[in-house]
Amino acid sequence: VQVLESGGGLVQAGGSLSVSCTASGNIYKVNDMGWWHQAPGKERELVARINVGGGTWYADSVKGRFALSRDNAKNTVTLQMNSVGPEDTGVYYCYSYVVGDCAAIACVVAVPKQYWGQGTQVNVSS
């Protein structure tokens, strides 16, 4: 199982940017997916997550500005970031709870494992 991020890059303050993440491999099912943000010199923090039913949670710092969506058929989530500011600069890491790399019967009872992407850099210029 792999988690691969795409998107990111440089954006001006007040602008918009999106990052996407796809879980792939020998997957039986994907549960929660989400994004963590690590600003320079700071600890990583959870900014948004989404469950398989589409229910979302957002950190207070991004509520009303970021929107997380999900395509279950593609095991993909997309974080749309609007009205970005310098505080949004940093590396964004995607995670996914996956049941995979198992035989059919074992998959039914397996506990989802957390997989991480390599991170994608977002730089907001003022």
# chains A, B, ... in the order shown; residues from 1 in each chain; ligands from 1

call {"tool": "select_by_dssp", "arguments": {"residues": "region 24-118 of chain A", "states": "alpha helix (DSSP H)", "output": "list of chain:residue names"}}
result
A:Ala104, A:Ile105, A:Ala106, A:Cys107, A:Val108, A:Val109

call {"tool": "write_last_selection", "arguments": {"atoms": "N, CA, C and O atoms", "output": "compact mmCIF listing (two decimals), in the first residue's frame"}}
result
# COMPACT_ATOMS: atom_id res chain seq x y z
N ALA A 104 -8.54 -12.40 1.43
CA ALA A 104 -9.93 -11.98 1.56
C ALA A 104 -10.49 -12.19 2.96
O ALA A 104 -11.06 -11.28 3.54
N ILE A 105 -10.34 -13.40 3.50
CA ILE A 105 -10.92 -13.68 4.81
C ILE A 105 -10.21 -12.85 5.89
O ILE A 105 -10.86 -12.29 6.77
N ALA A 106 -8.90 -12.77 5.81
CA ALA A 106 -8.15 -12.00 6.79
C ALA A 106 -8.49 -10.52 6.72
O ALA A 106 -8.50 -9.82 7.73
N CYS A 107 -8.81 -10.05 5.56
CA CYS A 107 -9.13 -8.64 5.38
C CYS A 107 -10.38 -8.26 6.14
O CYS A 107 -10.51 -7.14 6.64
N VAL A 108 -11.32 -9.18 6.22
CA VAL A 108 -12.59 -8.88 6.87
C VAL A 108 -12.38 -8.52 8.33
O VAL A 108 -13.08 -7.66 8.88
N VAL A 109 -11.42 -9.14 8.98
CA VAL A 109 -11.21 -8.92 10.41
C VAL A 109 -9.99 -8.05 10.70
O VAL A 109 -9.70 -7.75 11.85

call {"tool": "residues_around", "arguments": {"residues": "Arg44 (chain A)", "least_positions_apart": "5", "cutoff": "12 Å", "atoms": "only C-alpha atoms", "output": "number ranges by chain"}}
result
A: 35-39, 90-94, 119

call {"tool": "write_last_selection", "arguments": {"atoms": "N, CA, C and O atoms", "output": "short mmCIF file (atom, residue, chain, number, x, y, z; two decimals), in the first residue's frame"}}
result
data_model
loop_
_atom_site.label_atom_id
_atom_site.label_comp_id
_atom_site.auth_asym_id
_atom_site.auth_seq_id
_atom_site.Cartn_x
_atom_site.Cartn_y
_atom_site.Cartn_z
N TRP A 35 -5.21 15.18 6.34
CA TRP A 35 -3.98 15.94 6.12
C TRP A 35 -3.48 16.54 7.42
O TRP A 35 -4.26 17.08 8.21
N TRP A 36 -2.16 16.45 7.60
CA TRP A 36 -1.47 17.13 8.68
C TRP A 36 -0.60 18.22 8.05
O TRP A 36 -0.16 18.10 6.91
N HIS A 37 -0.33 19.25 8.83
CA HIS A 37 0.48 20.36 8.37
C HIS A 37 1.62 20.58 9.35
O HIS A 37 1.39 20.64 10.57
N GLN A 38 2.83 20.70 8.80
CA GLN A 38 3.97 21.03 9.64
C GLN A 38 4.59 22.32 9.14
O GLN A 38 5.22 22.35 8.07
N ALA A 39 4.37 23.38 9.90
CA ALA A 39 4.96 24.67 9.58
C ALA A 39 6.44 24.65 9.98
O ALA A 39 6.84 23.89 10.86
N GLY A 90 4.30 25.40 4.69
CA GLY A 90 4.85 24.23 5.35
C GLY A 90 4.65 22.99 4.51
O GLY A 90 4.28 23.06 3.34
N VAL A 91 4.92 21.87 5.13
CA VAL A 91 4.76 20.59 4.46
C VAL A 91 3.43 19.98 4.87
O VAL A 91 3.10 19.94 6.06
N TYR A 92 2.71 19.51 3.88
CA TYR A 92 1.42 18.87 4.13
C TYR A 92 1.58 17.37 3.91
O TYR A 92 2.03 16.93 2.85
N TYR A 93 1.20 16.62 4.93
CA TYR A 93 1.32 15.17 4.90
C TYR A 93 -0.07 14.54 4.87
O TYR A 93 -0.92 14.86 5.70
N CYS A 94 -0.27 13.65 3.94
CA CYS A 94 -1.52 12.92 3.85
C CYS A 94 -1.39 11.60 4.60
O CYS A 94 -0.33 10.97 4.61
N GLY A 119 4.87 13.77 1.88
CA GLY A 119 4.73 15.19 2.16
C GLY A 119 4.86 16.01 0.89
O GLY A 119 5.59 15.66 -0.04
#

call {"tool": "residues_around", "arguments": {"residues": "region 12-20 of chain A", "least_positions_apart": "2", "cutoff": "12 Å", "atoms": "only C-alpha atoms", "output": "ChimeraX atom specification"}}
result
/A:3-10,22-23,33-37,65-71,74-89,91-95,117,119-126

call {"tool": "write_last_selection", "arguments": {"atoms": "C-alpha atoms", "output": "tab-separated table (two decimals), in the first residue's frame"}}
result
chain	number	residue	atom	x	y	z
A	3	VAL	CA	0.01	6.95	-0.28
A	4	LEU	CA	1.02	9.47	-2.90
A	5	GLU	CA	0.47	13.22	-2.68
A	6	SER	CA	0.32	15.70	-5.51
A	7	GLY	CA	-0.16	19.41	-5.84
A	8	GLY	CA	1.33	22.01	-3.60
A	9	GLY	CA	3.82	24.64	-4.68
A	10	LEU	CA	3.94	28.40	-4.46
A	22	THR	CA	-4.27	8.77	-3.41
A	23	ALA	CA	-3.95	5.45	-1.66
A	33	MET	CA	-8.05	9.95	5.29
A	34	GLY	CA	-6.71	13.36	6.12
A	35	TRP	CA	-3.98	15.94	6.12
A	36	TRP	CA	-1.47	17.13	8.68
A	37	HIS	CA	0.48	20.36	8.37
A	65	ARG	CA	-11.04	28.41	4.33
A	66	PHE	CA	-10.15	24.79	3.58
A	67	ALA	CA	-12.43	22.10	2.19
A	68	LEU	CA	-11.68	18.40	2.10
A	69	SER	CA	-13.42	16.11	-0.38
A	70	ARG	CA	-13.18	12.46	-1.18
A	71	ASP	CA	-13.59	10.11	-4.14
A	74	LYS	CA	-10.38	6.34	-6.55
A	75	ASN	CA	-9.27	6.27	-2.88
A	76	THR	CA	-8.43	9.92	-3.31
A	77	VAL	CA	-8.90	12.99	-1.15
A	78	THR	CA	-8.40	16.60	-2.20
A	79	LEU	CA	-7.76	19.48	0.15
A	80	GLN	CA	-8.86	22.77	-1.37
A	81	MET	CA	-7.09	25.64	0.37
A	82	ASN	CA	-8.58	29.10	-0.06
A	83	SER	CA	-7.64	32.49	1.34
A	84	VAL	CA	-4.24	31.15	2.25
A	85	GLY	CA	-1.85	33.09	4.42
A	86	PRO	CA	1.80	32.82	5.46
A	87	GLU	CA	0.71	30.63	8.39
A	88	ASP	CA	-0.30	27.96	5.88
A	89	THR	CA	3.26	27.58	4.63
A	91	VAL	CA	4.76	20.59	4.46
A	92	TYR	CA	1.42	18.87	4.13
A	93	TYR	CA	1.32	15.17	4.90
A	94	CYS	CA	-1.52	12.92	3.85
A	95	TYR	CA	-2.49	9.87	5.85
A	117	GLY	CA	2.65	10.10	2.16
A	119	GLY	CA	4.73	15.19	2.16
A	120	THR	CA	4.21	18.03	-0.26
A	121	GLN	CA	5.53	21.56	0.21
A	122	VAL	CA	3.25	24.60	0.18
A	123	ASN	CA	4.79	28.06	0.21
A	124	VAL	CA	2.62	31.14	0.62
A	125	SER	CA	4.24	34.39	-0.42
A	126	SER	CA	3.16	37.66	1.12

call {"tool": "closest_atom_pairs", "arguments": {"of": "region 21-70 of chain A", "to": "region 112-115 of chain A", "cutoff": "9 Å", "atoms": "only C-alpha atoms", "output": "tab-separated table"}}
result
residue	atom	partner	partner_atom	distance
A:Ala23	CA	A:Tyr115	CA	8.6
A:Lys29	CA	A:Pro112	CA	8.4
A:Val30	CA	A:Pro112	CA	7.9
A:Asn31	CA	A:Pro112	CA	7.5

call {"tool": "write_last_selection", "arguments": {"atoms": "N, CA, C and O atoms", "output": "mmCIF file, in the first residue's frame"}}
result
data_model
loop_
_atom_site.group_PDB
_atom_site.id
_atom_site.type_symbol
_atom_site.label_atom_id
_atom_site.label_comp_id
_atom_site.auth_asym_id
_atom_site.auth_seq_id
_atom_site.Cartn_x
_atom_site.Cartn_y
_atom_site.Cartn_z
ATOM 1 N N ALA A 23 -4.441 6.710 -2.209
ATOM 2 C CA ALA A 23 -3.954 5.449 -1.663
ATOM 3 C C ALA A 23 -4.060 4.397 -2.761
ATOM 4 O O ALA A 23 -5.089 4.296 -3.442
ATOM 5 N N LYS A 29 -9.999 -2.050 1.823
ATOM 6 C CA LYS A 29 -10.858 -0.904 2.085
ATOM 7 C C LYS A 29 -10.031 0.216 2.682
ATOM 8 O O LYS A 29 -8.986 -0.005 3.275
ATOM 9 N N VAL A 30 -10.536 1.436 2.487
ATOM 10 C CA VAL A 30 -9.899 2.627 3.028
ATOM 11 C C VAL A 30 -10.868 3.301 3.986
ATOM 12 O O VAL A 30 -12.019 3.553 3.616
ATOM 13 N N ASN A 31 -10.414 3.574 5.157
ATOM 14 C CA ASN A 31 -11.246 4.272 6.144
ATOM 15 C C ASN A 31 -10.916 5.757 6.129
ATOM 16 O O ASN A 31 -10.891 6.374 5.069
#

call {"tool": "closest_residue", "arguments": {"among": "A:Cys102, A:Val62, A:Val47, A:Val52", "to": "Gly25 (chain A)", "atoms": "only C-alpha atoms"}}
result
A:Cys102

call {"tool": "select_by_dssp", "arguments": {"residues": "chain A", "states": "strand (DSSP E or B)", "output": "VMD selection string"}}
result
chain A and resid 2 to 7 9 to 12 17 to 24 27 to 38 45 to 50 56 to 58 66 to 71 76 to 81 90 to 100 113 to 116 120 to 125

call {"tool": "closest_residue", "arguments": {"among": "A:Gly100, A:Gly41, A:Gly64, A:Gly55", "to": "Ser24 (chain A)", "atoms": "only C-alpha atoms"}}
result
A:Gly100

call {"tool": "atom_distance", "arguments": {"atom1": "CA of Tyr58 (chain A)", "atom2": "CA of Cys21 (chain A)"}}
result
17.0 Å

call {"tool": "atom_distance", "arguments": {"atom1": "CA of Leu46 (chain A)", "atom2": "CA of Lys63 (chain A)"}}
result
12.3 Å

call {"tool": "atom_distance", "arguments": {"atom1": "CA of Gln2 (chain A)", "atom2": "CA of Asn51 (chain A)"}}
result
18.5 Å
